[in-house]
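Comments concern the structure below.
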Amino acid sequence: MSVAMNEYQTPYEMIGGGETVDRLVKAFYPRVLENPELRPLFGNGIEEIMHKQRLFLTQFLGGPPLYSEQIGPPAMRSRHQPFAITPARARAWLACMQEAMDEIGLAGPAREMFYARLSQMAHILVNAPDSPE
């Protein structure tokens, strides 16, 4: 899905709004659960996490502030602190997101902008070194 960028649209609107966010989350989490780097982080199931991801991505992209309204300030770094977020896990997370974007047909400048912002966020969340092999 290629959406033309317009200087008056939020990134949320550029990618197609809530429907696109929902499709992306549904395409993303099966990949996460299949990924050996990421699977250990999601031992308690993913339904609640998928819900929170929808809320976060909506707000992150300039849509309604659903995450803040329902959960509180995003504060993603502190919320992820209890988990070992390594550079390898950040890369795996981003790879899963790219594949999910491919699956739903998210393309063009809106995707590039969205992915760049997610990439920045993923690297900010790194809080542990990769394990030596």
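Labels used: A, B, ... for chains in the order of the structure tokens, numbers from 1 for residues in each chain, and numbers from 1 for ligands as shown.
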Excluding Leu94 (chain A) and residues on its chain fewer than 3 positions from it, collect all residues at most 9 Å away from it, counting only C-alpha atoms, and give them as a list in words.
->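 Contacts, in chain order: Arg89, Ala90, Arg91, Met97, Gln98, Glu99, Tyr115, Leu118, Ser119 and Ala122 of chain A.
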Residues from the last selection, C-alpha atoms, saved as an mmCIF file, in the first residue's frame:
data_model
loop_
_atom_site.group_PDB
_atom_site.id
_atom_site.type_symbol
_atom_site.label_atom_id
_atom_site.label_comp_id
_atom_site.auth_asym_id
_atom_site.auth_seq_id
_atom_site.Cartn_x
_atom_site.Cartn_y
_atom_site.Cartn_z
ATOM 1 C CA ARG A 89 17.150 -8.488 19.602
ATOM 2 C CA ALA A 90 16.717 -4.945 18.298
ATOM 3 C CA ARG A 91 17.852 -6.104 14.846
ATOM 4 C CA MET A 97 8.715 -5.387 11.407
ATOM 5 C CA GLN A 98 10.121 -5.080 7.870
ATOM 6 C CA GLU A 99 8.655 -8.468 6.960
ATOM 7 C CA TYR A 115 10.603 2.431 9.711
ATOM 8 C CA LEU A 118 11.002 2.574 14.654
ATOM 9 C CA SER A 119 14.693 1.956 14.043
ATOM 10 C CA ALA A 122 14.664 0.066 18.775
#
All helix (DSSP H, G or I) positions in chain A, as a ChimeraX atom specification | /A:11-15,17-34,39-42,47-60,66-70,76-80,87-104,108-125
Between A:Ala100, A:Ile71, A:Ala88, A:Ile15, single out the one closest to Pro30 (chain A), counting only C-alpha atoms.
-> A:Ala100
The residue from A:Tyr67, A:Arg31, A:Val25, A:Gly62 with the smallest atom-to-atom distance to Glu47 (chain A), counting only C-alpha atoms, is A:Val25
Fewer than 3 positions away in the same chain doesn't count, so skip those; otherwise give me all residues within 12 Å of Met121 (chain A), counting only C-alpha atoms, as a PyMOL selection string.
-> chain A and resi 57+60+74-77+80+85+90-91+93-94+114-118+124-126
Straight-line distance linking CA of Ala95 (chain A) with CA of Leu38 (chain A), stated in Å to one decimal =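 These atoms are spaced 11.1 Å apart.
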Using only C-alpha atoms, find the one residue out of A:Met113, A:Ile104, A:Ala84, A:Ala128 that sits nearest to Thr20 (chain A).
-> A:Ile104
With only C-alpha atoms as the basis for distance, which of A:Leu61, A:Ile46, A:Ala92, A:Leu106 is at the shortest distance from His123 (chain A)?
-> A:Ala92
Given the choices A:Leu33, A:Gly72, A:Leu66, A:Pro132, which gets closest to Thr86 (chain A) if the distance is worked out from only C-alpha atoms?
-> A:Pro132
CA of Gln70 (chain A) to CA of Gly43 (chain A): how many Å, to one decimal?
->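 Straight-line distance from CA of Gln70 (chain A) to CA of Gly43 (chain A) works out to 23.3 Å.
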Distance criterion (only C-alpha atoms): nearest to Asp130 (chain A) out of A:Glu37, A:Asn44, A:Ser68, A:Pro87 = A:Pro87
Atomic distance CA of Met14 (chain A) - CA of Gly63 (chain A), expressed in Å with one decimal =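 Separating CA of Met14 (chain A) from CA of Gly63 (chain A) is a distance of 10.4 Å.
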